[in-house]
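**Q** Sharing my_file_7.txt here; it has compact mmCIF, C-alpha atoms and all ligand atoms.
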```
# COMPACT_ATOMS: atom_id res chain seq x y z
CA MET X 91 81.38 74.93 101.00
CA ALA X 92 80.95 78.67 100.77
CA ARG X 93 81.56 81.16 97.98
CA VAL X 94 84.07 83.59 99.50
CA ALA X 95 85.46 86.76 97.89
CA VAL X 96 88.55 88.56 99.17
CA VAL X 97 88.59 92.26 98.26
CA GLY X 98 92.12 93.69 98.37
CA VAL X 99 94.74 90.99 98.02
CA GLY X 100 97.82 92.55 99.60
CA ALA X 101 99.56 91.26 102.73
CA ILE X 102 96.46 90.54 104.85
CA GLY X 103 94.18 89.60 101.94
CA GLY X 104 96.87 87.16 100.76
CA VAL X 105 97.08 85.51 104.18
CA LEU X 106 93.28 85.26 104.43
CA ALA X 107 93.10 83.67 100.97
CA SER X 108 95.82 81.15 101.88
CA LEU X 109 93.97 80.19 105.08
CA LEU X 110 90.77 79.67 103.08
CA GLU X 111 92.71 77.60 100.54
CA THR X 112 94.09 75.29 103.23
CA THR X 113 90.57 74.50 104.45
CA GLY X 114 90.02 72.89 101.03
CA SER X 115 86.34 73.79 101.38
CA HIS X 116 85.61 77.01 99.53
CA GLU X 117 85.18 78.57 96.14
CA ILE X 118 87.49 81.59 96.36
CA THR X 119 87.35 84.79 94.31
CA LEU X 120 90.18 87.33 94.50
CA CYS X 121 89.04 90.89 93.74
CA THR X 122 91.99 93.06 92.72
CA ARG X 123 92.69 96.26 90.83
CA ARG X 124 95.25 94.60 88.56
CA GLU X 125 95.17 91.12 87.07
CA MET X 126 96.76 88.51 89.32
CA GLU X 127 98.35 85.58 87.55
CA ALA X 128 98.99 83.59 90.72
CA LEU X 129 98.96 84.02 94.47
CA THR X 130 101.68 82.32 96.48
CA VAL X 131 101.89 82.71 100.24
CA LYS X 132 104.98 81.60 102.15
CA THR X 133 103.78 80.62 105.63
CA PRO X 134 105.72 79.21 108.61
CA ASP X 135 104.19 75.83 107.67
CA GLY X 136 105.05 75.86 104.00
CA VAL X 137 104.14 77.53 100.72
CA VAL X 138 100.46 77.78 99.79
CA SER X 139 99.36 78.31 96.18
CA VAL X 140 95.89 79.75 96.14
CA ARG X 141 93.55 78.41 93.48
CA ALA X 142 90.97 81.09 92.83
CA ARG X 143 89.06 83.06 90.27
CA ASN X 144 90.42 86.59 89.77
CA LEU X 145 88.22 89.59 89.00
CA THR X 146 89.51 93.08 88.31
CA ASP X 147 86.28 94.96 87.62
CA PRO X 148 83.54 95.36 90.26
CA LYS X 149 80.95 95.19 87.46
CA GLN X 150 81.94 91.51 86.91
CA ALA X 151 81.15 90.62 90.54
CA ASN X 152 78.39 88.10 91.22
CA ALA X 153 76.79 87.35 94.56
CA VAL X 154 78.82 85.31 97.07
CA ASP X 155 78.14 84.07 100.62
CA TRP X 156 80.98 85.90 102.37
CA VAL X 157 83.17 88.89 101.50
CA LEU X 158 86.44 89.53 103.35
CA VAL X 159 87.58 93.14 102.88
CA ALA X 160 91.32 93.63 103.38
CA THR X 161 92.14 96.90 101.65
CA LYS X 162 93.81 99.72 103.54
CA THR X 163 91.28 101.79 105.50
CA TYR X 164 91.55 104.78 103.12
CA ASP X 165 90.52 102.54 100.17
CA ALA X 166 87.06 101.84 101.60
CA ALA X 167 85.22 103.63 98.77
CA GLY X 168 86.92 101.47 96.13
CA ALA X 169 86.24 98.32 98.17
CA GLY X 170 82.64 99.45 98.55
CA GLU X 171 82.19 99.33 94.75
CA TRP X 172 82.80 95.57 94.89
CA LEU X 173 80.16 95.08 97.57
CA ARG X 174 77.31 96.21 95.31
CA GLY X 175 77.65 92.97 93.27
CA LEU X 176 79.26 90.60 95.76
CA ALA X 177 76.79 91.34 98.58
CA LYS X 178 73.64 91.90 96.52
CA ASP X 179 72.03 88.68 97.87
CA GLY X 180 72.85 89.51 101.50
CA ALA X 181 76.40 88.23 101.92
CA SER X 182 78.09 88.81 105.25
CA VAL X 183 81.04 91.20 105.03
CA ALA X 184 84.05 90.78 107.31
CA VAL X 185 86.10 93.98 107.51
CA VAL X 186 89.66 92.95 108.33
CA GLN X 187 91.32 96.30 108.90
CA ASN X 188 92.94 98.37 111.61
CA GLY X 189 91.10 101.08 113.50
CA VAL X 190 87.79 101.26 115.35
CA GLU X 191 85.46 102.38 112.54
CA HIS X 192 84.95 99.14 110.59
CA ARG X 193 81.15 99.52 110.48
CA GLU X 194 81.16 103.25 109.77
CA ARG X 195 83.45 102.79 106.75
CA PHE X 196 81.19 100.21 105.07
CA ALA X 197 77.71 101.24 106.22
CA PRO X 198 77.19 103.23 102.95
CA TYR X 199 77.52 100.02 100.89
CA VAL X 200 76.03 97.18 102.92
CA ASP X 201 73.43 96.60 105.63
CA ALA X 202 75.22 97.32 108.93
CA GLU X 203 73.76 94.10 110.38
CA ARG X 204 75.81 92.05 107.89
CA ILE X 205 79.15 93.70 108.76
CA VAL X 206 81.58 91.71 110.90
CA PRO X 207 84.47 93.86 112.21
CA VAL X 208 87.68 91.89 112.65
CA VAL X 209 90.91 92.70 114.51
CA ILE X 210 93.85 90.80 113.05
CA ASP X 211 97.39 90.32 114.31
CA CYS X 212 99.86 88.84 111.88
CA PRO X 213 103.39 89.80 110.88
CA VAL X 214 103.12 89.69 107.09
CA GLU X 215 104.32 91.58 104.08
CA ARG X 216 103.73 91.58 100.36
CA LEU X 217 106.83 91.45 98.18
CA ALA X 218 107.35 93.42 94.97
CA ASP X 219 106.50 90.33 92.84
CA GLY X 220 103.04 90.15 94.49
CA SER X 221 103.83 87.09 96.63
CA VAL X 222 103.15 87.25 100.36
CA VAL X 223 105.41 86.26 103.26
CA GLN X 224 103.77 85.44 106.58
CA ARG X 225 106.40 85.50 109.33
CA GLY X 226 104.39 84.36 112.35
CA LYS X 227 101.05 83.08 113.54
CA VAL X 228 97.72 84.66 112.63
CA THR X 229 95.23 85.57 115.32
CA MET X 230 91.88 87.28 114.81
CA LYS X 231 89.20 88.61 117.16
CA VAL X 232 85.49 88.99 116.34
CA GLN X 233 82.40 89.76 118.38
CA GLU X 234 80.80 86.58 119.71
CA GLY X 235 77.38 85.82 118.22
CA PRO X 236 75.95 83.98 115.21
CA LEU X 237 77.92 85.93 112.56
CA GLY X 238 81.17 85.68 114.56
CA GLY X 239 80.60 81.92 114.83
CA GLU X 240 79.98 81.62 111.07
CA PHE X 241 83.13 83.62 110.38
CA ARG X 242 85.19 81.27 112.55
CA GLU X 243 83.60 78.25 110.85
CA LEU X 244 84.83 79.51 107.44
CA PHE X 245 88.42 78.91 108.56
CA LYS X 246 87.86 75.51 110.17
CA GLY X 247 90.81 73.24 109.37
CA SER X 248 93.27 76.10 108.76
CA LYS X 249 96.09 77.36 110.99
CA VAL X 250 94.50 80.43 112.55
CA GLU X 251 93.38 81.28 116.04
CA ILE X 252 90.02 83.07 116.01
CA GLU X 253 88.79 84.36 119.35
CA LEU X 254 85.12 85.22 119.81
CA VAL X 255 85.18 88.10 122.29
CA ASP X 256 82.30 89.40 124.40
CA ASP X 257 83.41 93.03 123.96
CA PHE X 258 84.78 93.70 120.49
CA LYS X 259 84.81 97.46 121.08
CA THR X 260 87.38 97.07 123.85
CA ALA X 261 89.47 94.69 121.72
CA ALA X 262 89.57 97.19 118.84
CA TRP X 263 90.44 100.15 121.11
CA ARG X 264 93.11 98.07 122.83
CA LYS X 265 94.74 97.45 119.46
CA LEU X 266 94.37 101.14 118.60
CA CYS X 267 96.48 101.98 121.67
CA THR X 268 99.35 100.07 120.08
CA ASN X 269 98.78 101.45 116.60
CA ALA X 270 98.48 105.06 117.78
CA ALA X 271 101.88 104.98 119.50
CA GLY X 272 103.32 103.41 116.34
CA ALA X 273 103.07 106.87 114.74
CA ILE X 274 106.27 107.68 116.64
CA ASN X 275 108.17 105.30 114.35
CA ALA X 276 106.87 107.05 111.24
CA LEU X 277 107.55 110.50 112.76
CA THR X 278 111.14 109.68 113.73
CA MET X 279 111.71 107.35 110.74
CA LYS X 280 113.14 104.87 113.22
CA PRO X 281 112.15 101.25 113.99
CA ALA X 282 111.04 99.83 117.35
CA GLY X 283 114.38 100.48 119.09
CA VAL X 284 113.45 104.19 119.32
CA PHE X 285 111.07 103.34 122.19
CA HIS X 286 114.06 102.63 124.47
CA ASP X 287 114.71 106.38 124.58
CA GLU X 288 113.31 107.70 127.88
CA ALA X 289 111.67 110.81 126.41
CA VAL X 290 110.16 108.83 123.54
CA GLY X 291 108.74 106.41 126.12
CA ARG X 292 107.05 109.32 127.91
CA LEU X 293 105.67 110.60 124.61
CA ALA X 294 104.22 107.15 123.85
CA LEU X 295 102.57 107.01 127.29
CA GLY X 296 101.07 110.47 126.70
CA MET X 297 99.69 109.50 123.27
CA ILE X 298 98.19 106.29 124.65
CA ALA X 299 96.63 108.14 127.62
CA GLU X 300 94.70 110.20 125.03
CA VAL X 301 93.51 107.01 123.29
CA VAL X 302 92.43 105.54 126.63
CA ALA X 303 90.46 108.68 127.55
CA VAL X 304 88.64 108.81 124.21
CA GLY X 305 88.14 105.03 124.11
CA ARG X 306 86.55 105.07 127.56
CA ALA X 307 84.22 107.89 126.47
CA GLU X 308 83.24 105.66 123.53
CA GLY X 309 82.48 102.76 125.89
CA ALA X 310 85.69 100.70 125.74
CA ARG X 311 86.97 99.20 128.99
CA LEU X 312 90.62 100.19 129.13
CA ASP X 313 92.56 100.22 132.36
CA ASP X 314 95.37 102.53 133.41
CA SER X 315 98.09 99.95 132.78
CA VAL X 316 97.51 99.82 129.01
CA GLY X 317 100.12 102.50 128.23
CA GLN X 318 102.90 100.69 130.07
CA GLN X 319 101.87 97.37 128.50
CA VAL X 320 102.13 98.87 125.01
CA LEU X 321 105.48 100.49 125.80
CA ASP X 322 106.81 97.17 127.15
CA LEU X 323 105.59 95.47 123.96
CA TYR X 324 107.50 97.91 121.74
CA ARG X 325 110.60 97.70 123.94
CA GLY X 326 110.45 93.89 123.76
CA GLN X 327 110.46 93.86 119.95
CA PRO X 328 113.67 93.45 117.93
CA ALA X 329 115.19 96.96 117.67
CA ASP X 330 115.00 96.86 113.87
CA SER X 331 111.31 95.88 113.75
CA VAL X 332 109.39 98.12 111.31
CA ASN X 333 105.65 98.74 111.64
CA SER X 334 103.39 99.27 108.64
CA LEU X 335 103.09 103.04 109.11
CA LEU X 336 106.88 103.43 109.02
CA ALA X 337 107.14 101.00 106.09
CA ASP X 338 104.54 103.03 104.18
CA ARG X 339 106.28 106.32 104.92
CA MET X 340 109.69 104.97 103.89
CA ALA X 341 108.21 103.66 100.63
CA GLY X 342 106.48 106.98 99.93
CA ARG X 343 103.04 105.31 100.14
CA ARG X 344 99.94 106.79 101.65
CA MET X 345 99.60 106.08 105.39
CA GLU X 346 96.61 105.01 107.52
CA THR X 347 97.13 108.11 109.67
CA ASP X 348 93.45 108.95 109.94
CA ALA X 349 92.37 105.45 111.06
CA ARG X 350 95.21 105.19 113.59
CA ASN X 351 95.52 108.72 115.03
CA GLY X 352 93.04 111.01 113.27
CA VAL X 353 90.13 109.03 114.70
CA ILE X 354 91.33 109.84 118.23
CA VAL X 355 91.36 113.55 117.43
CA ARG X 356 87.96 113.45 115.70
CA LEU X 357 86.20 111.44 118.40
CA GLY X 358 88.03 113.38 121.12
CA GLU X 359 86.46 116.57 119.76
CA THR X 360 82.97 115.09 119.99
CA HIS X 361 83.56 114.23 123.68
CA GLY X 362 85.38 117.47 124.56
CA ILE X 363 88.63 115.57 125.24
CA ALA X 364 91.89 117.28 124.26
CA THR X 365 94.24 115.09 122.18
CA PRO X 366 97.19 117.39 121.36
CA LEU X 367 99.80 114.66 120.94
CA ASN X 368 97.78 112.65 118.44
CA TRP X 369 96.81 115.89 116.68
CA MET X 370 100.49 116.75 116.33
CA ALA X 371 101.23 113.28 114.91
CA VAL X 372 98.43 113.55 112.33
CA THR X 373 99.38 117.08 111.34
CA VAL X 374 103.08 116.33 110.87
CA LEU X 375 102.55 113.00 109.07
CA GLU X 376 99.90 114.44 106.76
CA ALA X 377 102.13 117.41 105.99
N1 LIG X 401 100.30 93.96 107.01
C1 LIG X 401 100.15 93.70 108.30
O1 LIG X 401 101.06 93.12 108.92
C2 LIG X 401 98.89 94.07 109.04
C3 LIG X 401 98.71 93.57 110.32
C4 LIG X 401 97.51 93.88 111.00
C5 LIG X 401 96.55 94.66 110.40
N2 LIG X 401 96.76 95.15 109.13
C6 LIG X 401 95.69 95.97 108.54
O2 LIG X 401 95.08 95.22 107.49
C7 LIG X 401 94.60 96.11 106.47
C8 LIG X 401 95.21 95.70 105.13
O3 LIG X 401 96.62 95.96 105.20
P1 LIG X 401 97.70 95.28 104.24
O4 LIG X 401 99.00 95.40 104.95
O5 LIG X 401 97.25 93.95 103.78
O6 LIG X 401 97.65 96.32 103.01
P2 LIG X 401 98.26 96.12 101.55
O7 LIG X 401 99.34 95.09 101.56
O8 LIG X 401 98.56 97.49 101.03
O9 LIG X 401 97.04 95.51 100.72
C9 LIG X 401 95.89 96.22 100.40
C10 LIG X 401 95.44 95.74 99.03
O10 LIG X 401 94.20 96.33 98.73
C11 LIG X 401 94.19 96.56 97.33
N3 LIG X 401 93.12 97.48 96.94
C12 LIG X 401 92.98 98.80 97.23
N4 LIG X 401 91.87 99.30 96.66
C13 LIG X 401 91.29 98.25 96.00
C14 LIG X 401 90.11 98.14 95.23
N5 LIG X 401 89.32 99.18 94.98
N6 LIG X 401 89.82 96.92 94.68
C15 LIG X 401 90.62 95.85 94.90
N7 LIG X 401 91.75 95.90 95.63
C16 LIG X 401 92.09 97.09 96.17
C17 LIG X 401 95.57 97.06 97.04
O11 LIG X 401 95.79 96.95 95.67
P3 LIG X 401 97.08 97.53 94.89
O12 LIG X 401 98.08 96.40 94.96
O13 LIG X 401 96.55 97.76 93.52
O14 LIG X 401 97.53 98.76 95.62
C18 LIG X 401 96.40 96.11 97.90
O15 LIG X 401 96.74 94.95 97.18
C19 LIG X 401 95.01 97.52 106.92
O16 LIG X 401 93.96 98.16 107.59
C20 LIG X 401 96.17 97.25 107.87
O17 LIG X 401 96.34 98.28 108.82
C21 LIG X 401 97.90 94.87 108.43
```
Show how you would write the structure in this file as structure tokens.
**A**
Amino acid sequence: MARVAVVGVGAIGGVLASLLETTGSHEITLCTRREMEALTVKTPDGVVSVRARNLTDPKQANAVDWVLVATKTYDAAGAGEWLRGLAKDGASVAVVQNGVEHRERFAPYVDAERIVPVVIDCPVERLADGSVVQRGKVTMKVQEGPLGGEFRELFKGSKVEIELVDDFKTAAWRKLCTNAAGAINALTMKPAGVFHDEAVGRLALGMIAEVVAVGRAEGARLDDSVGQQVLDLYRGQPADSVNSLLADRMAGRRMETDARNGVIVRLGETHGIATPLNWMAVTVLEA
């Protein structure tokens, strides 16, 4: 049994909490900004009702064994407030977010050695009533090693595939290639079908080539076929498939533009690599 806190109980936090619930092994705390009367997650295997304590004020937080952070990347400072109490006795902190800067975002709040960056793939959304609908399987990737092993152990008995990878950096940059090109959906306000357009396909390949160049300079092992693989992935999706950046733009919510495209521009500058297509995407979306 472990004491596990989930900080940020939206789509991904909801799925993580339901996986923990189905292990039947943990004491779960849900850390939210607004009071949560109940958490119900509709999964492909049935509906899970999460039994957990709910806290809404970081000052109420007591020490736990594990913290799973699942806020949007731009809410790291607010999530960090929770860590002061939750991680005061040395809890491990899994950062389940997009991007390649999991450690950098949380290093101001917790010992970098205790941070476990996680890449997650899961089609999931949170409905207006606060319930969560998981539409497909959940897979996660973490760096192999003692903390990665402990993280996987937390979910033993639940329906999730957790891969311990020998090169997490490459896994995160590989996912960034997909996410960076996803800016095209938010720019055009069109779902996945837009990638069938020939010129849009070339634009996607150009954006991904920038990610590959910067990722390699950062130490990721990305081969030349990544761009085509990502394009094929988008072209293979249902034409009406909406990614989270487009969903956020359509709903008038803030977007994770910096974590998905801005990072390529920022790191590109440090390596002297030009990233004009990602810069354009950031500039237009932020404007
Ligand atoms: N959704 C997906 O399919 C998916 C797939 C792969 C990766 N991801 C990544 O996973 C991460 C989480 O995304 P998501 O889709 O789960 O986002 P989300 O549905 O917007 O959930 C984020 C939650 O964090 C909460 N939050 C923000 N600041 C907080 C604070 N200070 N204290 C407590 N809670 C706080 C928000 O609360 P409010 O309700 O008050 O706003 C919201 O409930 C992102 O990096 C995303 O890119 C998502």
**Q** Please measure the separation of atom CA of Val255 of chain X and atom CA of Gly235 of chain X, giving the value in Å to one decimal.
**A** 9.1 Å
**Q** Excluding same-chain residues fewer than 4 positions from segment 310-323 of chain X, what lies within 6 Å of it counting all atoms listed in the file, as a PyMOL selection string?
**A** chain X and resi 259-260+268+295+298+305-306
**Q** Could you tell me, counting only C-alpha atoms and all ligand atoms, which protein and nucleic acid residues lie no more than 7 Å from ligand LIG 401 (chain X), written as number ranges by chain?
**A** X: 97-103, 121-124, 160-163, 165, 168-169, 186-188, 210-216, 334, 346
**Q** What gap, in Å, lies between atom CA of Asn152 of chain X and atom CA of Val138 of chain X?
**A**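 About the pair atom CA of Asn152 of chain X and atom CA of Val138 of chain X: they are 25.8 Å apart.
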**Q** Restricting the calculation to all atoms listed in the file: of X:Lys178, X:Arg193, X:Arg141, X:Lys149, which residue gets closest to Ala166 of chain X?
**A** X:Arg193
**Q** Can you pull out every residue within 12 Å of Val140 of chain X, counting all atoms listed in the file, but drop anything in the same chain fewer than 4 positions away, and send it as a list in words?
**A**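 Returned residues: Val96, Val99, Gly103, Gly104, Val105, Leu106, Ala107, Ser108, Leu109, Leu110, Glu111, Thr112, Thr113, Gly114, His116, Glu117, Ile118, Thr119, Leu120, Met126, Glu127, Ala128, Leu129, Thr130, Val131, Lys132, Asn144, Ser221 and Val222 of chain X.
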**Q** Would you mind telling me which residue in X:Val94, X:Val206, X:Ala197, X:Ile363 lies nearest to Ala153 of chain X when using only C-alpha atoms?
**A**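 Ranked by minimum distance to Ala153 of chain X, first place goes to X:Val94.
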**Q** Please identify all polymer residues lying at most 7 Å from the point (92.1, 92.1, 116.1) (file coordinates), using all atoms listed in the file, and present the result as a PyMOL selection string.
**A** chain X and resi 208-211+230-231+261-262+265
**Q** Determine, counting all atoms listed in the file, which protein, DNA and RNA residues have an atom within 12 Å of an atom of Ser182 of chain X; residues of the same chain fewer than 4 positions away are not included. Present the result as a ChimeraX atom specification.
**A** /X:92-95,153-159,173,176-178,196,200-207,236-238,240-241,244
**Q** Between atom CA of Val304 of chain X and atom CA of Ile274 of chain X, what is the distance, to one decimal in Å?
**A**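 These atoms are spaced 19.2 Å apart.
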**Q** From the options X:Tyr199, X:Trp369, X:Phe245, X:Tyr164, which residue's atoms come nearest to Val301 of chain X, counting all atoms listed in the file?
**A**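 Using all atoms listed in the file, the shortest distance to Val301 of chain X belongs to X:Trp369.
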**Q** Taking all atoms of segment 239-256 of chain X that appear in the file, build a box with edges along x, y and z, extend it by 5 Å on every side, and state its centre and edge lengths in Å to one decimal, as lines of an AutoDock Vina configuration file.
**A**
```
center_x = 88.0
center_y = 81.3
center_z = 115.9
size_x = 26.1
size_y = 26.2
size_z = 27.0
```
